[in-house]
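I have placed the structure first, in the form of structure tokens, so that the comments after it can refer back to it.
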Amino acid sequence: MMALASALGVTGAQAAEKPAALIIAQGGLGDQSYNDLANAGFKRGLEAAGLKGRTVESKDVVAQANDILRRASDAEFGLIVDLEYSHGTPMLEVAKDYPNTLYGILNQVRKAPNIVSVLFQEQEGSYLAGLLAASVTTDTSIKGINPEPIIGVIGGTKSAGIDKFIAGYIAGAKAANPNTQVLVAYSNNFADPALGQQMAKAMFESGADIVYHVAGGTGMGVIQAAKAAGRYAIGVDADQDGIAPGSVLTSMIKRTDVAVENVVKAYGRGEKIGGTTMAFGLKENGVGLSEMKYTKTLIPAAILAKVEAAKADIIEGRIKVWNVVEQGYPDYLK
Amino acid sequence: MTAMPETALAASAASGWSRRAGTLALPALPVVLAFALAAIVLALAGHDPVDVYGQLLTEAFGSRQRIASTLAASTPLILSGLAIAVAFRAGAFNVGVEGCIYVGGLAAAFAGFTFTGLGPALLPVALVTGIATGALWMLLPGLLRARLGVDEVVTTLMLNFIAISLTSYLVNGPLLAPGAANSATPMIADAARLPRLFSGINLNAGFAIALALVVLYWLWGRWTAIGFETRLAGLNARFARATGLDVPMLIIRMMLMSGAIGGLAGAVHALGNVHRFVAGFSPGYGFTGIAVALLGRGNALGILLAAILFGALATSGATIQLFTDVPVEIVNILQGMVMIFAVARFGLLFARRKAS
Amino acid sequence: MRLGARGLVRRFGTLTANDRVDFAARRGTVHAIVGGNGAGKSTLMRILQGVDQPDEGSVIVDGKPVAFRHPADAFARGIGMVHQEFMLVPGLSLLENLILAREPADALGRLDIPAALAAARALEHQAGVTLDWHMPVDDAPVHVRQIVEILRLLYRGADVLILDEPTAVLAPSQVRDLIGLLQRLKADGRTILFISHKLDEVMSVADDITVMRQGRVVASLAAAATSKAAIAEMMIGEIVDAPAARPASAGTAVLSVVDLVATDPRGIVKLRGVDLTVHAGEIVAVAGVAGNGQDELVAAVTGLGRRLRGSVTLAGVDIADLPPSARRARGLAYLSPDRKAEGLCIAASIADNTIAGHHRRPAFSAGGILRRGAIARHVETLLDRYSVQRAASDLPISSLSGGNQQRVAIARELDGAPKVLVSCQPTRGVDIRGIAFIHRCLLDYRDRGGAVLLVSEELDEIIALADRIVVLFEGRRTGEIRRGDGDIEAIGRMMLGERAA
């Protein structure tokens, strides 16, 4: 599809000479996470495409949305990738005034002919996490695991964006063992570790031994509760395995760097990606499980092989994981 | 020339033309020193200082659009600078304006997305909500300082932490936009937005509000009885009391006023720029405001100019990165140096205050 | 001779603070320096300590002239000063304060607490006192802090101690203890310079006395060879001129206080039940050695200090519980003794200082908005009437001389026809011409029917102005004298606590 666009893209081929800009989100460079990862991908993309580019950071990035976006547009940047989530709405306004500039925004869909939205197929990674958790939860040979086929997941809020993860997780769990019971709860807060700890503790006491969190800062409490209870948590977004080595079974990682790198490369090739939504799943290496540095040895090889097989099935299209955002809610998560 | 009797009641430093020139020249000194020192840093880092400063100038004032950006960036700084100056005039060193911006901004945004049935009345209601919340936030430290002599520097600083944590809690929980995975409230209604001043130019009515407040502040200091009393109380509380002024009440009133202006700064930022409340709402406007008030020496025009300077640095510091390899840190160093030199002078003021 | 001065002169502009001062303190004696306010004692102390340098003459140490450039020079010669406001570091214990900057250390350079404590005990024994050395300074009562201050000087090797008004902060029994301590130190061969204007104490502790007045040494003599009364007379001097006495015609009572009891800012009772009435057209002066309750009387009348008991009535209304602002609104004016810190706002302009407090009058503001034109005209008129020499009224008041500053303060306080003026040390730091002018202002005000409560440490001034003199001693009235009734000796005796017959 993209290749087709590039074959036709005459203006695109010219536009690709213009430099690209990357706007860093709150927290700035040096966060060893989202921003640094994206910036590394940006640099790789520029190099591969033979483009010039600039990275812009600011202490006051929230307030300067219009300012920076417009200035970069005026200055003839051909592609502006914005990592700051709160810039989604301002970007719509700015993009209207600069039809020849291409904008990129992450983790949200902004509909405009010159905005490319980047989404991650978190349901695919979550599916693998659910498959792994449901396989492990009955294997009492592993320390801290009880025979009950019960696992849990804590979402930050009840919304399609979060339920996309949860639905994938449940689907993966059911695929491993149809009898698995998945406890689902929402913290309604993304920054309350104490609450996360409390909720995870309650799940552990109900017989769950692995709890996946999709709840930002609240999830830190989930990991802590796992460590305290001698059970397991599953991290999200970044590789959180190292936060409590041995207590985080795995993490469902979003590869922001891969996404940004691919956007820059596509732009460089002159592909008409404006107005599209680029989805990064297992196939694009945009999501995936962590390397399980601390837990790999605990998990039986058979289970790991099962996860790898499922991954291949998804990549090859033999398994299609339910996407709540596109398809609405499945029966098992109403 | 200097004998014009009408000028006698003006802020003592601001009377007479020759002295007025002096008031502007003196604060310029820290700025000049800061730029000179930063030039050395730039040169050591392998950048051409003249080139970088030229770029900064272009990015800050090079076109109508850039000037508008600078003024937009200076808007919250003008307001927070005024908030601090008002309290400082009464002899209270309020470092809690940052907290007022947070609570005022959240309150205004809350009104802006909640009372959407109000129609055209929504904007004023949201503004007043922010102002009132900011004022209330300063009630406790004002009372503690005036009645029990508790140091307001400590209480207001502590309240900053509380304000930031409290708003963070609210915006991550009860006030989180439905379906949002990031810490942000829903967007405010269109009726709650501060309109743009000129079409096509990114500058909203918040700047006009800030300018109006600068003029009011000047009038207040020069023409009102309470402005006069506040200055006397700030310069010498013992004298003010002996002359029959109720100094504790003045301090409470000025702390409330300071909080109200801080709340307004938050409201203007929420309603004019961000259009919601998000985590990381203020990157420290309340603290930069201290430097603004000190650099401007509590003088209306001085505060305006100092705020524009910091606004220019903030805006040009971000966009200059599109054109040069100068990292944002250089601009931060420049800002920091201006602050240090402004604060060095403040050390003298502070010593005087402790002595009295 | 251990410490002395020869031909010491120190001038500040036209004022000669020390005029050819000679004195000699013998080793192993207590030498008192007495004199009224402005006699030049403080200047002399500053020179002896090395804080200030003389214009002529020199300090004599061990019989030889020396030049101190710095307090450290004086300390190196064994001269240490116990200040009125103690120089102890809050937050530290008494022991830590004692050894501060001279901490004993063990072989490893660590603080040697046992050694420090032993040194403290030795000093304690020498001085004949017992202290809880681990007590934080902040919890220690005033007299204990004073002792620590003295012992610290000894610890650091001083053998000449200069004590500036050391008993001002002490209760009578503590004064006795201090005198005992000083006598023991003297017996150990130390030399003590004792500055005071409390003649009882001076007579009981001093071997020699040097009397100063108006910058000069009036007499230097052995305590045994003189009397309290003789010293008092030397301190006060002859009455300069016959008072510009115009007969007063006192009217109704304007200000009266009954059974007034008040404390100083530390909470110590300094005024112990005083009755006093000031009538219209009358100047009532309060005489007394500084610290005998005058400040507390003024603070209780103006509302700026703490009152424990008693009533304050202004024109028939009890104002004792009203804040200062309300008292002013009822016609009370107050000329502060502390011109720089309370009487004026030194950082503000001359004009601001002139109008402050009157700016809410309808003529000068309406609805909270100042009438700047009217204010400026009024200020000019007022400043001209009081002949304030100024380049421009919007200049900072700090640009004026002391006398002109005081004129501004008086102009402001007498503006708006107050019913009573509480006037404290009205001529402190004012030159001769200014004094005459200020005296005329007060008398004119009286003649217009004003009531004046005058507090002054200058007996000359009191005698020149007062229609009645009330004498305070240790917070109580010791007598009252009408103009022309008493003599200066009688006043002096009452100031020292003798009750009027």
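So you can find residues: chains in the structure tokens are A, B, ... in the order shown, residues in each start at 1, and ligands are numbered from 1 in order.
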
Inset, instruction - Name the residues in contact with Ile253 of chain A at a cut-off of 9 Å, using only C-alpha atoms, excluding same-chain residues fewer than 4 positions from it; report them as an NGL selection string. - result: :A and (122 or 125 or 235-240 or 286-290)

Inset, instruction - Please identify all polymer residues within 8 Å of Gly104 of chain A, counting only C-alpha atoms, omitting same-chain residues fewer than 5 positions from it, and present them as number ranges by chain. - result: A: 79-82, 115-118, 263

File dump, residues just selected, N, CA, C and O atoms, as an mmCIF file, in the first residue's frame:
data_model
loop_
_atom_site.group_PDB
_atom_site.id
_atom_site.type_symbol
_atom_site.label_atom_id
_atom_site.label_comp_id
_atom_site.auth_asym_id
_atom_site.auth_seq_id
_atom_site.Cartn_x
_atom_site.Cartn_y
_atom_site.Cartn_z
ATOM 1 N N LEU A 79 8.422 17.721 7.289
ATOM 2 C CA LEU A 79 7.774 16.758 8.193
ATOM 3 C C LEU A 79 7.992 17.220 9.624
ATOM 4 O O LEU A 79 9.120 17.542 10.018
ATOM 5 N N ILE A 80 6.905 17.249 10.378
ATOM 6 C CA ILE A 80 7.015 17.616 11.791
ATOM 7 C C ILE A 80 6.355 16.522 12.610
ATOM 8 O O ILE A 80 5.141 16.342 12.571
ATOM 9 N N VAL A 81 7.170 15.767 13.319
ATOM 10 C CA VAL A 81 6.645 14.694 14.167
ATOM 11 C C VAL A 81 6.586 15.233 15.592
ATOM 12 O O VAL A 81 7.568 15.766 16.102
ATOM 13 N N ASP A 82 5.428 15.110 16.202
ATOM 14 C CA ASP A 82 5.221 15.703 17.523
ATOM 15 C C ASP A 82 4.954 14.601 18.550
ATOM 16 O O ASP A 82 4.020 13.823 18.408
ATOM 17 N N ILE A 115 -1.916 15.021 8.019
ATOM 18 C CA ILE A 115 -1.454 14.497 9.310
ATOM 19 C C ILE A 115 -1.385 12.977 9.218
ATOM 20 O O ILE A 115 -2.350 12.332 8.777
ATOM 21 N N VAL A 116 -0.263 12.425 9.604
ATOM 22 C CA VAL A 116 -0.170 10.974 9.713
ATOM 23 C C VAL A 116 -0.261 10.613 11.195
ATOM 24 O O VAL A 116 0.457 11.165 12.026
ATOM 25 N N SER A 117 -1.224 9.748 11.505
ATOM 26 C CA SER A 117 -1.399 9.328 12.892
ATOM 27 C C SER A 117 -0.693 7.999 13.092
ATOM 28 O O SER A 117 -0.744 7.131 12.232
ATOM 29 N N VAL A 118 -0.043 7.882 14.222
ATOM 30 C CA VAL A 118 0.691 6.655 14.507
ATOM 31 C C VAL A 118 0.009 5.940 15.661
ATOM 32 O O VAL A 118 -0.172 6.507 16.730
ATOM 33 N N VAL A 263 8.152 6.396 10.111
ATOM 34 C CA VAL A 263 7.473 7.580 9.574
ATOM 35 C C VAL A 263 8.465 8.413 8.775
ATOM 36 O O VAL A 263 8.198 8.855 7.656
#

Inset, instruction - Name the residues in contact with segment 219-230 of chain B at a cut-off of 6 Å, using only C-alpha atoms, excluding same-chain residues fewer than 3 positions from it; report them as a PyMOL selection string. - result: (chain B and resi 10+90+216+233) or (chain C and resi 368-370)

Convert the current residue selection to file output with N, CA, C and O atoms, as a PDB file, in the first residue's frame.
ATOM      1  N   ALA B  10       4.557  58.961  43.861  1.00  0.00           N
ATOM      2  CA  ALA B  10       4.891  57.799  43.038  1.00  0.00           C
ATOM      3  C   ALA B  10       5.886  56.943  43.805  1.00  0.00           C
ATOM      4  O   ALA B  10       6.493  57.391  44.771  1.00  0.00           O
ATOM      5  N   ALA B  90       3.882  44.787  50.050  1.00  0.00           N
ATOM      6  CA  ALA B  90       3.406  44.819  51.432  1.00  0.00           C
ATOM      7  C   ALA B  90       4.430  44.219  52.382  1.00  0.00           C
ATOM      8  O   ALA B  90       4.189  44.117  53.574  1.00  0.00           O
ATOM      9  N   LEU B 216      -3.346  48.919  35.715  1.00  0.00           N
ATOM     10  CA  LEU B 216      -4.045  48.997  37.003  1.00  0.00           C
ATOM     11  C   LEU B 216      -3.057  48.994  38.159  1.00  0.00           C
ATOM     12  O   LEU B 216      -3.207  49.726  39.125  1.00  0.00           O
ATOM     13  N   ALA B 233       3.925  50.051  54.386  1.00  0.00           N
ATOM     14  CA  ALA B 233       4.008  48.848  55.223  1.00  0.00           C
ATOM     15  C   ALA B 233       5.160  47.965  54.773  1.00  0.00           C
ATOM     16  O   ALA B 233       5.848  47.360  55.594  1.00  0.00           O
TER      17      ALA B 233
ATOM     18  N   GLY C 368     -11.023  56.228  48.298  1.00  0.00           N
ATOM     19  CA  GLY C 368      -9.799  55.426  48.190  1.00  0.00           C
ATOM     20  C   GLY C 368      -8.833  55.919  47.136  1.00  0.00           C
ATOM     21  O   GLY C 368      -7.743  55.384  46.992  1.00  0.00           O
ATOM     22  N   ILE C 369      -9.218  56.965  46.378  1.00  0.00           N
ATOM     23  CA  ILE C 369      -8.313  57.518  45.363  1.00  0.00           C
ATOM     24  C   ILE C 369      -7.665  58.781  45.935  1.00  0.00           C
ATOM     25  O   ILE C 369      -8.345  59.662  46.465  1.00  0.00           O
ATOM     26  N   LEU C 370      -6.340  58.833  45.830  1.00  0.00           N
ATOM     27  CA  LEU C 370      -5.615  59.971  46.387  1.00  0.00           C
ATOM     28  C   LEU C 370      -5.856  61.222  45.539  1.00  0.00           C
ATOM     29  O   LEU C 370      -5.901  61.150  44.312  1.00  0.00           O
TER      30      LEU C 370
END

Legend entry - Given only C-alpha atoms as the counted atoms, nearest of B:Asn236, B:Asn94, B:Thr185, B:Thr75 to chain C: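 Using only C-alpha atoms, chain C sits closest to B:Asn236.
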
Legend entry - Those of segment 64-307 of chain B in DSSP helix (DSSP H, G or I), formatted as a ChimeraX atom specification: /B:64-89,97-114,116-137,139-148,152-172,190-192,205-223,225-235,237-242,247-274,285-295,300-307

Could you make a table, as CSV, of the residues of chain B that have an atom within 7 Å of an atom of chain A, each with its nearest atom pair and distance in Å to one decimal, counting only C-alpha atoms, in chain and number order?
residue,atom,partner,partner_atom,distance
B:Ser69,CA,A:Asp67,CA,6.2
B:Tyr169,CA,A:Ala191,CA,7.0
B:Asn172,CA,A:Asn189,CA,4.8
B:Gly173,CA,A:Asn189,CA,4.2
B:Gly179,CA,A:Ser159,CA,4.3
B:Asn273,CA,A:Ala63,CA,6.2
B:Val274,CA,A:Ala63,CA,6.0
B:Pro283,CA,A:Asp60,CA,5.5
B:Ala318,CA,A:Ser58,CA,5.4
B:Thr319,CA,A:Ile68,CA,6.1
B:Gln321,CA,A:Val56,CA,5.6
B:Leu322,CA,A:Arg54,CA,5.6
B:Val328,CA,A:Glu57,CA,6.8

Could the residues in this selection be written to a file with N, CA, C and O atoms, as a short mmCIF file (atom, residue, chain, number, x, y, z; two decimals), in the first residue's frame?
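Okay, again00.cif is ready:
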data_model
loop_
_atom_site.label_atom_id
_atom_site.label_comp_id
_atom_site.auth_asym_id
_atom_site.auth_seq_id
_atom_site.Cartn_x
_atom_site.Cartn_y
_atom_site.Cartn_z
N SER B 69 4.24 35.62 19.34
CA SER B 69 4.63 34.45 20.13
C SER B 69 5.31 34.89 21.41
O SER B 69 5.08 34.33 22.49
N TYR B 169 -3.49 14.90 41.24
CA TYR B 169 -4.42 13.84 41.64
C TYR B 169 -5.75 14.00 40.92
O TYR B 169 -6.29 13.05 40.35
N ASN B 172 -5.64 13.21 37.23
CA ASN B 172 -5.41 11.80 36.93
C ASN B 172 -6.57 10.94 37.36
O ASN B 172 -6.62 9.76 37.05
N GLY B 173 -7.48 11.53 38.13
CA GLY B 173 -8.59 10.74 38.65
C GLY B 173 -9.91 11.38 38.34
O GLY B 173 -10.38 11.35 37.19
N GLY B 179 -12.09 8.58 28.79
CA GLY B 179 -11.44 7.90 27.67
C GLY B 179 -10.02 8.33 27.44
O GLY B 179 -9.32 7.74 26.63
N ASN B 273 -4.71 29.46 26.24
CA ASN B 273 -3.63 28.78 25.54
C ASN B 273 -3.82 27.27 25.48
O ASN B 273 -3.87 26.68 24.42
N VAL B 274 -3.95 26.66 26.66
CA VAL B 274 -3.97 25.19 26.71
C VAL B 274 -5.38 24.64 26.45
O VAL B 274 -5.54 23.53 25.98
N PRO B 283 5.28 25.43 33.58
CA PRO B 283 6.68 25.03 33.69
C PRO B 283 7.43 25.89 34.70
O PRO B 283 8.62 26.09 34.56
N ALA B 318 13.02 27.95 22.20
CA ALA B 318 12.46 26.72 21.64
C ALA B 318 12.68 26.68 20.13
O ALA B 318 13.20 25.70 19.59
N THR B 319 12.32 27.76 19.44
CA THR B 319 12.32 27.67 17.98
C THR B 319 13.71 27.82 17.37
O THR B 319 13.93 27.41 16.25
N GLN B 321 16.07 26.16 17.95
CA GLN B 321 16.60 24.81 17.73
C GLN B 321 16.28 24.29 16.34
O GLN B 321 16.88 23.33 15.88
N LEU B 322 15.31 24.94 15.69
CA LEU B 322 14.99 24.52 14.33
C LEU B 322 16.07 24.96 13.35
O LEU B 322 16.14 24.47 12.22
N VAL B 328 18.92 23.64 23.86
CA VAL B 328 18.02 24.44 24.69
C VAL B 328 18.70 24.81 26.01
O VAL B 328 18.38 25.82 26.62
#

Inset, instruction - Could you tell me how far atom CA of His31 of chain C lies from atom CA of Arg2 of chain C, in Å and to one decimal? - result: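 Atom CA of His31 of chain C sits 10.9 Å away from atom CA of Arg2 of chain C.
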
Inset, instruction - May I ask you to extract the residues of chain C within 8 Å of chain B, using only C-alpha atoms, and to give them as a PyMOL selection string? - result: chain C and resi 304+324-326+328+334+341-345+347-349+351-352+356-357+359-360+365+368-373+376-377+391-396

Inset, instruction - Write out as a PyMOL selection string which residues come within 10 Å of Leu48 of chain C when counting only C-alpha atoms, dropping same-chain ones fewer than 3 positions away. - result: chain C and resi 3-5+42-45+51-54+58-61+67-68+71+74+79-81+162

Legend entry - Nearby residues (only C-alpha atoms) at most 12 Å from Glu233 of chain C, same-chain spacing under 2 positions excluded, as a PyMOL selection string: chain C and resi 34-36+199+211-213+218-219+226-231+235-239+459-460+487-493

Inset, instruction - Do a neighbour search on Gln389 of chain C at 10 Å with only C-alpha atoms, toss out local chain neighbours closer than 2 positions, and write the hits as a PyMOL selection string. - result: chain C and resi 383-384+386-387+391-393+400-401+403-405+407-408

For the residues selected in the previous step, produce a file with N, CA and C atoms as a short mmCIF file (atom, residue, chain, number, x, y, z; two decimals), in the first residue's frame.
data_model
loop_
_atom_site.label_atom_id
_atom_site.label_comp_id
_atom_site.auth_asym_id
_atom_site.auth_seq_id
_atom_site.Cartn_x
_atom_site.Cartn_y
_atom_site.Cartn_z
N LEU C 383 5.77 71.82 54.86
CA LEU C 383 7.23 71.77 54.94
C LEU C 383 7.80 73.18 54.99
N ASP C 384 7.17 74.10 54.26
CA ASP C 384 7.63 75.49 54.32
C ASP C 384 7.39 76.07 55.71
N TYR C 386 7.38 74.61 58.47
CA TYR C 386 8.36 74.08 59.43
C TYR C 386 9.79 74.27 58.94
N SER C 387 9.94 75.08 57.90
CA SER C 387 11.27 75.43 57.38
C SER C 387 12.15 74.20 57.16
N ALA C 391 15.89 70.07 48.77
CA ALA C 391 16.05 70.40 47.36
C ALA C 391 14.72 70.16 46.64
N ALA C 392 14.08 69.06 46.97
CA ALA C 392 12.78 68.74 46.39
C ALA C 392 12.08 67.78 47.33
N SER C 393 10.75 67.90 47.35
CA SER C 393 10.01 67.10 48.33
C SER C 393 9.88 65.64 47.93
N LEU C 400 17.96 64.23 53.97
CA LEU C 400 17.92 65.36 54.89
C LEU C 400 18.83 65.11 56.10
N SER C 401 19.22 66.22 56.75
CA SER C 401 19.98 66.11 58.00
C SER C 401 19.02 65.64 59.10
N GLY C 403 18.23 66.97 61.91
CA GLY C 403 17.34 68.02 62.38
C GLY C 403 16.17 68.23 61.45
N ASN C 404 16.45 68.23 60.15
CA ASN C 404 15.37 68.43 59.18
C ASN C 404 14.45 67.22 59.12
N GLN C 405 15.02 66.05 59.31
CA GLN C 405 14.17 64.85 59.38
C GLN C 405 13.18 64.98 60.53
N ARG C 407 12.12 67.68 61.88
CA ARG C 407 11.11 68.70 61.56
C ARG C 407 9.98 68.08 60.74
N VAL C 408 10.33 67.22 59.80
CA VAL C 408 9.29 66.55 59.00
C VAL C 408 8.38 65.74 59.91
#

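The shell of residues at most 10 Å from Ala225 of chain C, with only C-alpha atoms counted and near chain neighbours (fewer than 6 positions) removed, consists of C:Asp207, C:Asp208, C:Ile209.
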
Export of prior selection with C-alpha atoms as a PDB file, in the first residue's frame:
ATOM      1  CA  ASP C 207      36.670  51.809  92.186  1.00  0.00           C
ATOM      2  CA  ASP C 208      37.047  54.791  89.907  1.00  0.00           C
ATOM      3  CA  ILE C 209      34.462  56.838  88.054  1.00  0.00           C
TER       4      ILE C 209
END

Legend entry - Distance in Å - atom CA of Gly429 of chain C versus atom CA of Gly402 of chain C: 6.4 Å

Legend entry - Among listed residues A:Leu51, A:Ala244, A:Val153, A:Ala171, nearest Tyr186 of chain A (using only C-alpha atoms):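 Residue with the minimum atom-to-atom distance to Tyr186 of chain A: A:Val153.
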
Inset, instruction - Find the residue from B:Gly266, B:Gly99, B:Gly119, B:Gly81 that sits nearest to Leu294 of chain B; use only C-alpha atoms when measuring. - result: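 Going through B:Gly266, B:Gly99, B:Gly119, B:Gly81 one by one, the smallest distance to Leu294 of chain B is for B:Gly81.
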
Legend entry - One-decimal distance in Å that lies between atom CA of Val258 of chain C and atom CA of Gly310 of chain C: 5.5 Å
